[in-house]
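Structure data follow from model37.pdb (PDB, N, CA and C atoms):
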```pdb
ATOM      1  N   MET A   1     -14.530  20.922  82.014
ATOM      2  CA  MET A   1     -14.091  19.640  81.525
ATOM      3  C   MET A   1     -15.273  18.673  81.506
ATOM      4  N   MET A   2     -15.497  18.058  80.380
ATOM      5  CA  MET A   2     -16.591  17.109  80.255
ATOM      6  C   MET A   2     -16.062  15.706  80.505
ATOM      7  N   LYS A   3     -16.724  14.988  81.398
ATOM      8  CA  LYS A   3     -16.297  13.617  81.678
ATOM      9  C   LYS A   3     -16.769  12.688  80.587
ATOM     10  N   ARG A   4     -15.990  11.695  80.309
ATOM     11  CA  ARG A   4     -16.316  10.672  79.318
ATOM     12  C   ARG A   4     -16.653   9.376  80.046
ATOM     13  N   LEU A   5     -17.298   8.470  79.346
ATOM     14  CA  LEU A   5     -17.662   7.202  79.960
ATOM     15  C   LEU A   5     -16.448   6.457  80.483
ATOM     16  N   SER A   6     -15.339   6.574  79.777
ATOM     17  CA  SER A   6     -14.132   5.854  80.200
ATOM     18  C   SER A   6     -13.502   6.461  81.451
ATOM     19  N   ASP A   7     -13.908   7.684  81.827
ATOM     20  CA  ASP A   7     -13.363   8.335  83.024
ATOM     21  C   ASP A   7     -13.985   7.811  84.318
ATOM     22  N   PHE A   8     -15.097   7.118  84.239
ATOM     23  CA  PHE A   8     -15.780   6.639  85.431
ATOM     24  C   PHE A   8     -15.243   5.280  85.833
ATOM     25  N   LYS A   9     -14.839   5.176  87.076
ATOM     26  CA  LYS A   9     -14.306   3.936  87.617
ATOM     27  C   LYS A   9     -15.259   3.419  88.685
ATOM     28  N   VAL A  10     -15.370   2.114  88.801
ATOM     29  CA  VAL A  10     -16.255   1.509  89.785
ATOM     30  C   VAL A  10     -15.764   1.813  91.195
ATOM     31  N   GLU A  11     -14.460   1.884  91.384
ATOM     32  CA  GLU A  11     -13.898   2.096  92.719
ATOM     33  C   GLU A  11     -14.112   3.519  93.230
ATOM     34  N   ASN A  12     -14.237   4.493  92.329
ATOM     35  CA  ASN A  12     -14.306   5.894  92.744
ATOM     36  C   ASN A  12     -15.727   6.447  92.736
ATOM     37  N   ARG A  13     -16.719   5.608  92.989
ATOM     38  CA  ARG A  13     -18.094   6.064  92.923
ATOM     39  C   ARG A  13     -18.461   6.900  94.149
ATOM     40  N   ARG A  14     -19.245   7.953  93.912
ATOM     41  CA  ARG A  14     -19.742   8.785  94.998
ATOM     42  C   ARG A  14     -21.176   8.379  95.320
ATOM     43  N   LYS A  15     -21.551   8.569  96.552
ATOM     44  CA  LYS A  15     -22.922   8.275  96.955
ATOM     45  C   LYS A  15     -23.843   9.341  96.385
ATOM     46  N   ARG A  16     -24.980   8.934  95.866
ATOM     47  CA  ARG A  16     -25.969   9.863  95.341
ATOM     48  C   ARG A  16     -26.983  10.188  96.427
ATOM     49  N   SER A  17     -27.546  11.373  96.325
ATOM     50  CA  SER A  17     -28.587  11.737  97.274
ATOM     51  C   SER A  17     -29.843  10.918  96.983
ATOM     52  N   ALA A  18     -30.741  10.870  97.952
ATOM     53  CA  ALA A  18     -31.970  10.101  97.778
ATOM     54  C   ALA A  18     -32.817  10.675  96.653
ATOM     55  N   MET A  19     -32.788  11.972  96.464
ATOM     56  CA  MET A  19     -33.574  12.607  95.410
ATOM     57  C   MET A  19     -33.027  12.248  94.027
ATOM     58  N   ALA A  20     -31.740  12.107  93.896
ATOM     59  CA  ALA A  20     -31.136  11.829  92.594
ATOM     60  C   ALA A  20     -31.516  10.445  92.085
ATOM     61  N   GLY A  21     -31.798   9.529  92.969
ATOM     62  CA  GLY A  21     -32.117   8.174  92.562
ATOM     63  C   GLY A  21     -33.583   7.933  92.292
ATOM     64  N   GLN A  22     -34.414   8.936  92.529
ATOM     65  CA  GLN A  22     -35.844   8.730  92.319
ATOM     66  C   GLN A  22     -36.186   8.720  90.836
ATOM     67  N   ILE A  23     -37.098   7.872  90.498
ATOM     68  CA  ILE A  23     -37.571   7.780  89.124
ATOM     69  C   ILE A  23     -38.986   8.322  89.080
ATOM     70  N   LEU A  24     -39.188   9.270  88.203
ATOM     71  CA  LEU A  24     -40.518   9.836  88.053
ATOM     72  C   LEU A  24     -41.234   9.127  86.918
ATOM     73  N   PRO A  25     -42.452   8.726  87.145
ATOM     74  CA  PRO A  25     -43.173   8.020  86.080
ATOM     75  C   PRO A  25     -43.569   8.977  84.950
ATOM     76  N   ILE A  26     -43.333   8.548  83.727
ATOM     77  CA  ILE A  26     -43.740   9.307  82.558
ATOM     78  C   ILE A  26     -44.531   8.360  81.671
ATOM     79  N   ASN A  27     -45.728   8.749  81.359
ATOM     80  CA  ASN A  27     -46.551   7.923  80.482
ATOM     81  C   ASN A  27     -46.285   8.317  79.045
ATOM     82  N   PHE A  28     -45.585   7.440  78.323
ATOM     83  CA  PHE A  28     -45.302   7.698  76.923
ATOM     84  C   PHE A  28     -46.485   7.251  76.075
ATOM     85  N   SER A  29     -46.726   8.003  75.056
ATOM     86  CA  SER A  29     -47.778   7.634  74.113
ATOM     87  C   SER A  29     -47.279   7.944  72.704
ATOM     88  N   ASN A  30     -48.078   7.687  71.736
ATOM     89  CA  ASN A  30     -47.675   7.888  70.354
ATOM     90  C   ASN A  30     -48.128   9.281  69.894
ATOM     91  N   ASP A  31     -47.447  10.315  70.411
ATOM     92  CA  ASP A  31     -47.804  11.679  70.028
ATOM     93  C   ASP A  31     -46.552  12.533  69.875
ATOM     94  N   GLU A  32     -46.742  13.760  69.443
ATOM     95  CA  GLU A  32     -45.614  14.657  69.165
ATOM     96  C   GLU A  32     -44.837  15.019  70.422
ATOM     97  N   ALA A  33     -45.507  15.204  71.552
ATOM     98  CA  ALA A  33     -44.812  15.578  72.792
ATOM     99  C   ALA A  33     -43.836  14.492  73.222
ATOM    100  N   THR A  34     -44.268  13.249  73.173
ATOM    101  CA  THR A  34     -43.394  12.130  73.531
ATOM    102  C   THR A  34     -42.214  12.047  72.571
ATOM    103  N   LYS A  35     -42.475  12.231  71.295
ATOM    104  CA  LYS A  35     -41.407  12.184  70.296
ATOM    105  C   LYS A  35     -40.370  13.272  70.564
ATOM    106  N   ARG A  36     -40.807  14.474  70.925
ATOM    107  CA  ARG A  36     -39.873  15.563  71.218
ATOM    108  C   ARG A  36     -39.016  15.255  72.433
ATOM    109  N   VAL A  37     -39.625  14.699  73.479
ATOM    110  CA  VAL A  37     -38.873  14.369  74.699
ATOM    111  C   VAL A  37     -37.808  13.312  74.401
ATOM    112  N   VAL A  38     -38.192  12.263  73.687
ATOM    113  CA  VAL A  38     -37.262  11.171  73.378
ATOM    114  C   VAL A  38     -36.147  11.656  72.462
ATOM    115  N   MET A  39     -36.486  12.406  71.427
ATOM    116  CA  MET A  39     -35.475  12.898  70.488
ATOM    117  C   MET A  39     -34.518  13.872  71.173
ATOM    118  N   HIS A  40     -35.027  14.722  72.045
ATOM    119  CA  HIS A  40     -34.162  15.666  72.756
ATOM    120  C   HIS A  40     -33.161  14.911  73.633
ATOM    121  N   SER A  41     -33.645  13.912  74.358
ATOM    122  CA  SER A  41     -32.763  13.131  75.231
ATOM    123  C   SER A  41     -31.713  12.375  74.428
ATOM    124  N   ALA A  42     -32.134  11.770  73.330
ATOM    125  CA  ALA A  42     -31.193  11.010  72.497
ATOM    126  C   ALA A  42     -30.134  11.926  71.898
ATOM    127  N   ARG A  43     -30.541  13.072  71.380
ATOM    128  CA  ARG A  43     -29.569  14.010  70.799
ATOM    129  C   ARG A  43     -28.579  14.518  71.844
ATOM    130  N   ARG A  44     -29.067  14.777  73.052
ATOM    131  CA  ARG A  44     -28.198  15.270  74.116
ATOM    132  C   ARG A  44     -27.133  14.233  74.458
ATOM    133  N   VAL A  45     -27.522  12.987  74.589
ATOM    134  CA  VAL A  45     -26.568  11.927  74.930
ATOM    135  C   VAL A  45     -25.579  11.711  73.794
ATOM    136  N   ILE A  46     -26.069  11.702  72.547
ATOM    137  CA  ILE A  46     -25.184  11.513  71.396
ATOM    138  C   ILE A  46     -24.190  12.652  71.294
ATOM    139  N   LYS A  47     -24.646  13.884  71.480
ATOM    140  CA  LYS A  47     -23.746  15.042  71.406
ATOM    141  C   LYS A  47     -22.694  14.985  72.516
ATOM    142  N   GLN A  48     -23.125  14.584  73.697
ATOM    143  CA  GLN A  48     -22.216  14.527  74.839
ATOM    144  C   GLN A  48     -21.121  13.479  74.639
ATOM    145  N   HIS A  49     -21.435  12.368  73.981
ATOM    146  CA  HIS A  49     -20.481  11.271  73.839
ATOM    147  C   HIS A  49     -20.120  11.014  72.380
ATOM    148  N   LYS A  50     -20.202  12.026  71.545
ATOM    149  CA  LYS A  50     -20.003  11.873  70.111
ATOM    150  C   LYS A  50     -18.634  11.271  69.760
ATOM    151  N   GLU A  51     -17.587  11.771  70.372
ATOM    152  CA  GLU A  51     -16.240  11.280  70.052
ATOM    153  C   GLU A  51     -16.096   9.799  70.397
ATOM    154  N   GLU A  52     -16.618   9.394  71.548
ATOM    155  CA  GLU A  52     -16.526   7.999  71.931
ATOM    156  C   GLU A  52     -17.338   7.094  71.008
ATOM    157  N   ILE A  53     -18.507   7.558  70.616
ATOM    158  CA  ILE A  53     -19.363   6.781  69.716
ATOM    159  C   ILE A  53     -18.670   6.579  68.374
ATOM    160  N   GLN A  54     -18.060   7.641  67.842
ATOM    161  CA  GLN A  54     -17.345   7.527  66.574
ATOM    162  C   GLN A  54     -16.149   6.612  66.688
ATOM    163  N   GLU A  55     -15.445   6.697  67.788
ATOM    164  CA  GLU A  55     -14.286   5.818  68.004
ATOM    165  C   GLU A  55     -14.707   4.354  68.014
ATOM    166  N   LEU A  56     -15.824   4.060  68.665
ATOM    167  CA  LEU A  56     -16.317   2.689  68.698
ATOM    168  C   LEU A  56     -16.814   2.242  67.325
ATOM    169  N   ALA A  57     -17.412   3.154  66.581
ATOM    170  CA  ALA A  57     -17.970   2.804  65.276
ATOM    171  C   ALA A  57     -16.879   2.495  64.253
ATOM    172  N   TYR A  58     -15.762   3.142  64.345
ATOM    173  CA  TYR A  58     -14.694   2.997  63.334
ATOM    174  C   TYR A  58     -13.536   2.158  63.804
ATOM    175  N   ARG A  59     -13.756   1.234  64.739
ATOM    176  CA  ARG A  59     -12.691   0.338  65.211
ATOM    177  C   ARG A  59     -12.319  -0.641  64.158
TER     178      ARG A  59
END
```
Is it possible to express this structure as C-alpha coordinates?
Amino acid sequence: MMKRLSDFKVENRRKRSAMAGQILPINFSNDEATKRVVMHSARRVIKQHKEEIQELAYR
(Lines of atoms letter the chains of each structure in order from A and count residues from 1; the text may use other names and numbers.)
(Lines give C-alpha, C1' and ligand atoms only; values in the text may rest on other atoms or scores of the structure.)
Protein backbone atom coordinates (compact mmCIF):
# COMPACT_ATOMS: atom_id res chain seq x y z
CA MET A 1 0.00 0.00 0.00
CA MET A 2 1.41 3.35 -1.01
CA LYS A 3 0.76 6.22 1.37
CA ARG A 4 -0.54 9.48 -0.01
CA LEU A 5 0.12 12.97 1.28
CA SER A 6 -3.40 13.16 2.65
CA ASP A 7 -2.77 10.02 4.75
CA PHE A 8 -0.21 11.77 6.96
CA LYS A 9 -1.57 13.40 10.09
CA VAL A 10 0.32 15.76 12.38
CA GLU A 11 -0.92 13.90 15.46
CA ASN A 12 0.31 10.47 14.32
CA ARG A 13 3.94 11.36 13.63
CA ARG A 14 6.66 8.85 14.44
CA LYS A 15 10.07 9.82 15.73
CA ARG A 16 12.81 9.56 13.12
CA SER A 17 16.22 8.15 13.83
CA ALA A 18 19.15 10.54 14.03
CA MET A 19 20.54 9.17 10.77
CA ALA A 20 17.30 9.80 8.88
CA GLY A 21 17.39 13.50 9.67
CA GLN A 22 20.92 14.11 8.48
CA ILE A 23 21.42 16.18 5.39
CA LEU A 24 24.32 15.34 3.18
CA PRO A 25 25.84 18.23 1.27
CA ILE A 26 25.66 17.95 -2.51
CA ASN A 27 27.39 20.50 -4.66
CA PHE A 28 25.17 21.11 -7.65
CA SER A 29 26.67 22.49 -10.80
CA ASN A 30 25.57 23.04 -14.36
CA ASP A 31 26.44 19.61 -15.76
CA GLU A 32 24.82 16.38 -16.94
CA ALA A 33 25.30 14.51 -13.64
CA THR A 34 23.42 17.16 -11.67
CA LYS A 35 20.66 17.24 -14.28
CA ARG A 36 20.24 13.44 -14.04
CA VAL A 37 20.02 13.52 -10.23
CA VAL A 38 17.44 16.33 -10.22
CA MET A 39 15.34 14.82 -13.02
CA HIS A 40 15.37 11.37 -11.40
CA SER A 41 14.20 12.80 -8.07
CA ALA A 42 11.49 14.92 -9.69
CA ARG A 43 10.16 12.02 -11.77
CA ARG A 44 10.10 9.73 -8.73
CA VAL A 45 8.06 12.21 -6.67
CA ILE A 46 5.68 12.96 -9.56
CA LYS A 47 5.13 9.25 -10.24
CA GLN A 48 4.56 8.55 -6.56
CA HIS A 49 1.93 11.31 -6.20
CA LYS A 50 0.57 11.41 -9.75
CA GLU A 51 -3.09 10.90 -8.82
CA GLU A 52 -3.03 13.63 -6.20
CA ILE A 53 -1.27 16.06 -8.54
CA GLN A 54 -3.88 15.47 -11.25
CA GLU A 55 -6.71 15.87 -8.77
CA LEU A 56 -5.31 19.23 -7.68
CA ALA A 57 -4.71 20.33 -11.27
CA TYR A 58 -8.28 19.63 -12.43
CA ARG A 59 -10.21 21.13 -9.49
Within 12 Å of Asn27 in chain A, counting only C-alpha atoms, which residues qualify if same-chain residues fewer than 5 places away don't, as an MDAnalysis selection string?
chainID A and resid 33:34 37
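Atom pair CA of Val10 in chain A / CA of Gln54 in chain A: separated by 24.0 Å.
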What parts of chain A does DSSP call alpha helix (DSSP H)? I'd like the answer as a ChimeraX atom specification.
/A:32-48,50-57
Around all the atoms of range 40-44 of chain A listed in the file, with 3 Å of room on each side, what axis-aligned box do you get, giving centre and edge lengths in Å to one decimal, as JSON?
```
{"center_x": -31.1, "center_y": 13.3, "center_z": 73.0, "size_x": 13.9, "size_y": 10.7, "size_z": 10.4}
```
Please, what distance in Å, to one decimal, runs between atom N of Glu55 in chain A and CA of Met39 in chain A?
21.1 Å
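For the atom pair formed by atom N of Gln48 in chain A and atom C of Leu5 in chain A, the distance is 12.5 Å, given to one decimal.
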Spatial neighbours of Ser6 in chain A, 12 Å, only C-alpha atoms, chain gap at least 6 places, as a ChimeraX atom specification
/A:49,51-53
Could you write range 37-55 of chain A as a PDB file, in the coordinates of the input, with N, CA, C and O atoms rebuilt where they are missing?
```
ATOM      1  N   VAL A  37     -39.625  14.699  73.479  1.00  0.00           N
ATOM      2  CA  VAL A  37     -38.873  14.369  74.699  1.00  0.00           C
ATOM      3  C   VAL A  37     -37.808  13.312  74.401  1.00  0.00           C
ATOM      4  O   VAL A  37     -36.645  13.448  74.795  1.00  0.00           O
ATOM      5  N   VAL A  38     -38.192  12.263  73.687  1.00  0.00           N
ATOM      6  CA  VAL A  38     -37.262  11.171  73.378  1.00  0.00           C
ATOM      7  C   VAL A  38     -36.147  11.656  72.462  1.00  0.00           C
ATOM      8  O   VAL A  38     -34.962  11.365  72.689  1.00  0.00           O
ATOM      9  N   MET A  39     -36.486  12.406  71.427  1.00  0.00           N
ATOM     10  CA  MET A  39     -35.475  12.898  70.488  1.00  0.00           C
ATOM     11  C   MET A  39     -34.518  13.872  71.173  1.00  0.00           C
ATOM     12  O   MET A  39     -33.307  13.848  70.918  1.00  0.00           O
ATOM     13  N   HIS A  40     -35.027  14.722  72.045  1.00  0.00           N
ATOM     14  CA  HIS A  40     -34.162  15.666  72.756  1.00  0.00           C
ATOM     15  C   HIS A  40     -33.161  14.911  73.633  1.00  0.00           C
ATOM     16  O   HIS A  40     -31.963  15.223  73.640  1.00  0.00           O
ATOM     17  N   SER A  41     -33.645  13.912  74.358  1.00  0.00           N
ATOM     18  CA  SER A  41     -32.763  13.131  75.231  1.00  0.00           C
ATOM     19  C   SER A  41     -31.713  12.375  74.428  1.00  0.00           C
ATOM     20  O   SER A  41     -30.536  12.346  74.800  1.00  0.00           O
ATOM     21  N   ALA A  42     -32.134  11.770  73.330  1.00  0.00           N
ATOM     22  CA  ALA A  42     -31.193  11.010  72.497  1.00  0.00           C
ATOM     23  C   ALA A  42     -30.134  11.926  71.898  1.00  0.00           C
ATOM     24  O   ALA A  42     -28.939  11.605  71.908  1.00  0.00           O
ATOM     25  N   ARG A  43     -30.541  13.072  71.380  1.00  0.00           N
ATOM     26  CA  ARG A  43     -29.569  14.010  70.799  1.00  0.00           C
ATOM     27  C   ARG A  43     -28.579  14.518  71.844  1.00  0.00           C
ATOM     28  O   ARG A  43     -27.391  14.672  71.561  1.00  0.00           O
ATOM     29  N   ARG A  44     -29.067  14.777  73.052  1.00  0.00           N
ATOM     30  CA  ARG A  44     -28.198  15.270  74.116  1.00  0.00           C
ATOM     31  C   ARG A  44     -27.133  14.233  74.458  1.00  0.00           C
ATOM     32  O   ARG A  44     -25.940  14.565  74.571  1.00  0.00           O
ATOM     33  N   VAL A  45     -27.522  12.987  74.589  1.00  0.00           N
ATOM     34  CA  VAL A  45     -26.568  11.927  74.930  1.00  0.00           C
ATOM     35  C   VAL A  45     -25.579  11.711  73.794  1.00  0.00           C
ATOM     36  O   VAL A  45     -24.370  11.576  74.014  1.00  0.00           O
ATOM     37  N   ILE A  46     -26.069  11.702  72.547  1.00  0.00           N
ATOM     38  CA  ILE A  46     -25.184  11.513  71.396  1.00  0.00           C
ATOM     39  C   ILE A  46     -24.190  12.652  71.294  1.00  0.00           C
ATOM     40  O   ILE A  46     -22.995  12.434  71.076  1.00  0.00           O
ATOM     41  N   LYS A  47     -24.646  13.884  71.480  1.00  0.00           N
ATOM     42  CA  LYS A  47     -23.746  15.042  71.406  1.00  0.00           C
ATOM     43  C   LYS A  47     -22.694  14.985  72.516  1.00  0.00           C
ATOM     44  O   LYS A  47     -21.523  15.271  72.297  1.00  0.00           O
ATOM     45  N   GLN A  48     -23.125  14.584  73.697  1.00  0.00           N
ATOM     46  CA  GLN A  48     -22.216  14.527  74.839  1.00  0.00           C
ATOM     47  C   GLN A  48     -21.121  13.479  74.639  1.00  0.00           C
ATOM     48  O   GLN A  48     -19.979  13.674  75.046  1.00  0.00           O
ATOM     49  N   HIS A  49     -21.435  12.368  73.981  1.00  0.00           N
ATOM     50  CA  HIS A  49     -20.481  11.271  73.839  1.00  0.00           C
ATOM     51  C   HIS A  49     -20.120  11.014  72.380  1.00  0.00           C
ATOM     52  O   HIS A  49     -19.737   9.896  72.018  1.00  0.00           O
ATOM     53  N   LYS A  50     -20.202  12.026  71.545  1.00  0.00           N
ATOM     54  CA  LYS A  50     -20.003  11.873  70.111  1.00  0.00           C
ATOM     55  C   LYS A  50     -18.634  11.271  69.760  1.00  0.00           C
ATOM     56  O   LYS A  50     -18.541  10.353  68.943  1.00  0.00           O
ATOM     57  N   GLU A  51     -17.587  11.771  70.372  1.00  0.00           N
ATOM     58  CA  GLU A  51     -16.240  11.280  70.052  1.00  0.00           C
ATOM     59  C   GLU A  51     -16.096   9.799  70.397  1.00  0.00           C
ATOM     60  O   GLU A  51     -15.520   9.029  69.619  1.00  0.00           O
ATOM     61  N   GLU A  52     -16.618   9.394  71.548  1.00  0.00           N
ATOM     62  CA  GLU A  52     -16.526   7.999  71.931  1.00  0.00           C
ATOM     63  C   GLU A  52     -17.338   7.094  71.008  1.00  0.00           C
ATOM     64  O   GLU A  52     -16.904   6.003  70.655  1.00  0.00           O
ATOM     65  N   ILE A  53     -18.507   7.558  70.616  1.00  0.00           N
ATOM     66  CA  ILE A  53     -19.363   6.781  69.716  1.00  0.00           C
ATOM     67  C   ILE A  53     -18.670   6.579  68.374  1.00  0.00           C
ATOM     68  O   ILE A  53     -18.654   5.487  67.814  1.00  0.00           O
ATOM     69  N   GLN A  54     -18.060   7.641  67.842  1.00  0.00           N
ATOM     70  CA  GLN A  54     -17.345   7.527  66.574  1.00  0.00           C
ATOM     71  C   GLN A  54     -16.149   6.612  66.688  1.00  0.00           C
ATOM     72  O   GLN A  54     -15.854   5.838  65.771  1.00  0.00           O
ATOM     73  N   GLU A  55     -15.445   6.697  67.788  1.00  0.00           N
ATOM     74  CA  GLU A  55     -14.286   5.818  68.004  1.00  0.00           C
ATOM     75  C   GLU A  55     -14.707   4.354  68.014  1.00  0.00           C
ATOM     76  O   GLU A  55     -14.053   3.502  67.418  1.00  0.00           O
TER      77      GLU A  55
END
```
